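Have a look at the structure below before the remarks.
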Amino acid sequence: MGARVVTVTSGKGGVGKTTTTANISVALSRLNQRVVMLDADIGLRNLDVVTGLENRIVYDIVDVVEGRCNLRQALIKHKQFPSLYLIPAAQTRDKTAISPADMLDIVAKLKPEFDFVIIDSPAGIERGFRNAIAPADEVLIVTNPEVSAVRDADRIIGLLEAENKQPGKLVINRLKPDMVKKGEMLSADDITDILALDIIGIVPEDEFVIPASNSGVPVTLNEDSKAGLAFQNIARRLLGENVPLMDLEQQPGFFRRLVKLFNG
Amino acid sequence: MNEREQVSIKGTKEGLLIALSPSEEWLGITQELADKLDQQSTFFSGAKVTIDVGARPVPKYELSSLKALLERRGMLLSLVRSESATTLASANSLDLRTFSTDNSHLEDTQIPQRDRNEDDRGDKPIDSEEMGTQGVMVKRTLRSGRTVHSRGHVVVFGDVNPGAKIIAAGDVVVWGKLRGMVHAGAEGDDSVIVCALDMNPNQLRIADHIVTSPAEHHRQVTPEVAFVRDGQIVVEAWT
Ligand SMILES: Nc1ncnc2c1ncn2[C@@H]1O[C@H](COP(=O)(O)OP(=O)(O)OP(=O)(O)O)[C@@H](O)[C@H]1O
Ligand SMILES: [Mg+2]
C-alpha cells in the first residue's frame, strides 16, 4: 500500500498552495499521520520557511537527484511534530534540474515509510507543474474567488484530465463572506458552476495567516483562526471524515448545497 | 515571398499539417514558417501540429527549436513525419508521442490509434470540400485553454468553459453551457448556425460577424440558436 500522494496545485501563482500544503501537512501529522512534504517549487522554495524548517536545511531534492546525498539525508524532521518531515526544494537551481521520472522515483522510495506524501507545486503549467503531478494519486486544486484564478484552475483541471488523473478536489482560499454577500466576490457556487469539482474546503481570508507564515508556525495551530480551522477540516476530510463545510456565507440554501456537493 | 512553396500549412481534422520542404535551407524555412504563422496567429493558436519534413534529417536541437517556435505561438507539436531515421530519433528523444496525450489539444478529434493502420501513416490531408460535410464530436467539457479547430462542424457534448475556443468552418452545436468563444463559419460561410442549451459565450463569431455577450443579468437559460440575418447575428429560442 504505502502513502497516499497528494499534490497541491493551482495554475495561477500566489493563491495559497504553499500555505495549504504546510497547514494540511501539520494538521495531518497532529492526527497521527506520518507525513512528508515535498517542495517541488525548485528555485523559489518557501515551504521550509512557512514550516519553520529553513535553518535546518543541509541537502535538498536536487542533491538527492544528482546523487550528492541519499534520500534519508535530505529528510528534515520537524521537532514539534515528529511524524512530519520535509524534503526541501533547491534554492539555486532551475526547475529543469529534476524530471517527472525523478519525482516518481523519489516518491516511490518515500511511500512505504509514510501515510501521506504532500507535494507543493509551483505555479504555472511548465515542467515544475508536470514534476509535481507526475506521482500524484490525488490532486488538490487551490483557487481564489477571482475570475482569473478560476480560469487557471479550469486550465489545470483540463490538463489533469488529459493525464488521466482522478478529478481533483477544490480548495477555495481567501474567501471573504462579506464581499460574497454583497455580490462583489465569486461565491463557492459560482466557482463550482464552472469547475464542476467537489469542494474539499473553503478557507476564509484571515489576518492570522501571514504572521503565522512569517514566523514559521502554520496557522492551523492557532485555535482562534478560522482559516486554521478550515485547514484542519480539510485534513480530516482527507482522512475520510464527514466534516460539514463551515458556514462562511450565511446565505440561505448555500450551506446545504455545498454539503451536497461535497458528499456527492 | 519565395516563388516555391517551402512551407505549406493545411488544416486537417486532427489539427494542422505543416509540410516543410526537405531540400531548402532550414533556417530560411523556419523563418518563413514563423512569418506565415504570425500572419494568422489567432487562427492557429491552440492547434495541434503534425510536421512533415520528408527525407530531411533533422537533429534534435533543430527539432526542439522548431517545437519551441510553435509553442511560442500557442501551438503544440505532436507528431513528426519523416523518412529520415535521424529525424525520427530526434522526435523520439523529445517525447513527441507522449506529448500528444499530455497537453494535447484536439485529442478528441483524433482518430483512435487502433483505427489507424500502419500504411495509413502517410495519409494525405483531407480535402476541405469533403471536410465541409464532416464534423467532430467532443464528448467532454472543454476547459479553459483548450481549442478545437475543425474544417467541418463541431458538436460538444458537455460545456464550453470561459477561455475555451471552438473554431469551425461549419456549424457548432453545444449540448451544454456555452461560455467560451465560438467562431462558426470561420472560412466565410455565414449560413451556419451556433446552438447551445445555455447560450452565454464571451464572444460569438459567425463568418466575419462578431457579438460579445451582454452583461448577464436575468438571462434566460433556455436552448438558443444564433445565426446571421440581414447582416447581423441574431439569437432565438432553439425549438
Ligand atoms: N486564507 C488566507 N488569508 C490571508 N492570507 C493568505 C491566505 N492564504 C494565503 N495567504 C497569503 O497569500 C500569500 C501567498 O500564499 P502562498 O505562498 O501559500 O501561495 P502560493 O500559491 O504557494 O504562491 P506561489 O505560486 O508563489 O508558490 C502569502 O503571503 C500567504 O500568507
Ligand atoms: Mg508556493
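Note on naming: chains are A, B, ... as they come in the C-alpha cells, residues start from 1 per chain, ligands start from 1 in the order shown.
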Residues within 8 Å of ligand 2 (only C-alpha atoms and all ligand atoms), as number ranges by chain?
-> A: 13-14, 16-19, 41, 44-47, 120-123
Output for the residues just chosen: C-alpha atoms as an mmCIF file, in the first residue's frame:
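The resulting result.cif:
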```cif
data_model
loop_
_atom_site.group_PDB
_atom_site.id
_atom_site.type_symbol
_atom_site.label_atom_id
_atom_site.label_comp_id
_atom_site.auth_asym_id
_atom_site.auth_seq_id
_atom_site.Cartn_x
_atom_site.Cartn_y
_atom_site.Cartn_z
ATOM 1 C CA GLY A 13 0.528 31.833 -8.608
ATOM 2 C CA GLY A 14 0.111 33.187 -5.124
ATOM 3 C CA GLY A 16 -2.169 29.709 -1.368
ATOM 4 C CA LYS A 17 -0.629 26.393 -2.465
ATOM 5 C CA THR A 18 2.273 26.566 -0.039
ATOM 6 C CA THR A 19 0.045 27.752 2.791
ATOM 7 C CA ASP A 41 8.891 24.588 -6.412
ATOM 8 C CA LEU A 44 11.594 29.510 -5.318
ATOM 9 C CA ARG A 45 11.427 27.297 -2.300
ATOM 10 C CA ASN A 46 9.421 28.545 0.614
ATOM 11 C CA LEU A 47 7.673 25.592 2.191
ATOM 12 C CA ASP A 120 3.714 21.614 -3.129
ATOM 13 C CA SER A 121 3.537 22.523 -6.800
ATOM 14 C CA PRO A 122 4.966 25.656 -8.374
ATOM 15 C CA ALA A 123 2.630 27.996 -10.251
#
```
Test item: residues lying within 10 Å of ligand 1 with only C-alpha atoms and all ligand atoms, as JSON, numbers by chain = {"A": [8, 9, 10, 11, 12, 13, 14, 15, 16, 17, 18, 19, 20, 21, 22, 23, 39, 40, 41, 44, 45, 46, 47, 50, 120, 121, 122, 123, 124, 142, 143, 144, 172, 173, 174, 175, 176, 202, 203, 204, 205, 206, 207, 208, 209, 210, 211, 212, 213, 214, 218, 219, 225, 226, 227, 228, 230, 231]}
Check the DSSP output for the backbone and give back, as a ChimeraX atom specification, the residues of segment 28-110 of chain B in helix (DSSP H, G or I).
-> /B:28-39,41-44,60-72,85-93,96-100,107-109
Find, counting only C-alpha atoms, the residue in A:Asp102, A:Glu184, A:Glu138, A:Glu161 that gets nearest to chain B.
->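 Selected residue with least distance to chain B: A:Glu161.
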For chain A, which residues have at least one atom within 10 Å of chain B, if we go by only C-alpha atoms? Write them as a list in words, please.
->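 Close enough to count are Ile125, Arg130, Val147, Val150, Arg151, Asp152, Ala153, Asp154, Arg155, Ile156, Ile157, Gly158, Leu159, Leu160, Glu161, Ala162, Glu163, Asn164, Ile194, Leu195 and Ala196 of chain A.
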Which of these residues is nearest to Arg205 of chain B, using only C-alpha atoms: B:Lys10, B:Lys139, B:Lys165, B:Arg151?
-> B:Lys165
Mind giving me the straight-line distance from atom CA of Pro135 of chain A to atom CA of Val107 of chain A in Å, one decimal?
-> 6.8 Å
Excluding Lys109 of chain A and residues on its chain fewer than 6 positions from it, collect all residues at most 12 Å away from it, counting only C-alpha atoms, and give them as a CSV table (one decimal) with N, CA and C atoms, in the first residue's frame.
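Result file result.csv:
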```
chain,number,residue,atom,x,y,z
A,2,GLY,N,1.2,1.7,1.2
A,2,GLY,CA,2.1,2.9,1.3
A,2,GLY,C,1.3,4.2,1.2
A,3,ALA,N,2.0,5.3,1.2
A,3,ALA,CA,1.5,6.6,1.4
A,3,ALA,C,0.5,7.0,0.2
A,36,VAL,N,5.2,13.4,4.8
A,36,VAL,CA,6.4,14.0,4.3
A,36,VAL,C,5.9,15.1,3.3
A,64,VAL,N,19.5,15.1,-3.9
A,64,VAL,CA,19.1,13.7,-4.0
A,64,VAL,C,19.2,13.2,-5.4
A,70,ASN,N,21.9,10.8,0.1
A,70,ASN,CA,20.8,9.9,-0.1
A,70,ASN,C,19.5,10.5,0.4
A,71,LEU,N,18.4,9.9,0.1
A,71,LEU,CA,17.1,10.4,0.4
A,71,LEU,C,17.0,10.7,1.9
A,72,ARG,N,17.4,9.8,2.7
A,72,ARG,CA,17.3,9.9,4.1
A,72,ARG,C,18.0,11.2,4.6
A,102,ASP,N,12.3,11.5,-12.1
A,102,ASP,CA,13.0,11.6,-10.8
A,102,ASP,C,11.9,11.7,-9.7
A,103,MET,N,10.9,12.4,-9.9
A,103,MET,CA,9.8,12.6,-8.9
A,103,MET,C,9.2,11.2,-8.6
A,117,VAL,N,2.3,11.6,1.3
A,117,VAL,CA,3.3,12.5,0.7
A,117,VAL,C,2.5,13.7,0.1
A,135,PRO,N,3.7,12.1,-9.8
A,135,PRO,CA,3.5,11.0,-8.8
A,135,PRO,C,2.1,11.0,-8.1
```
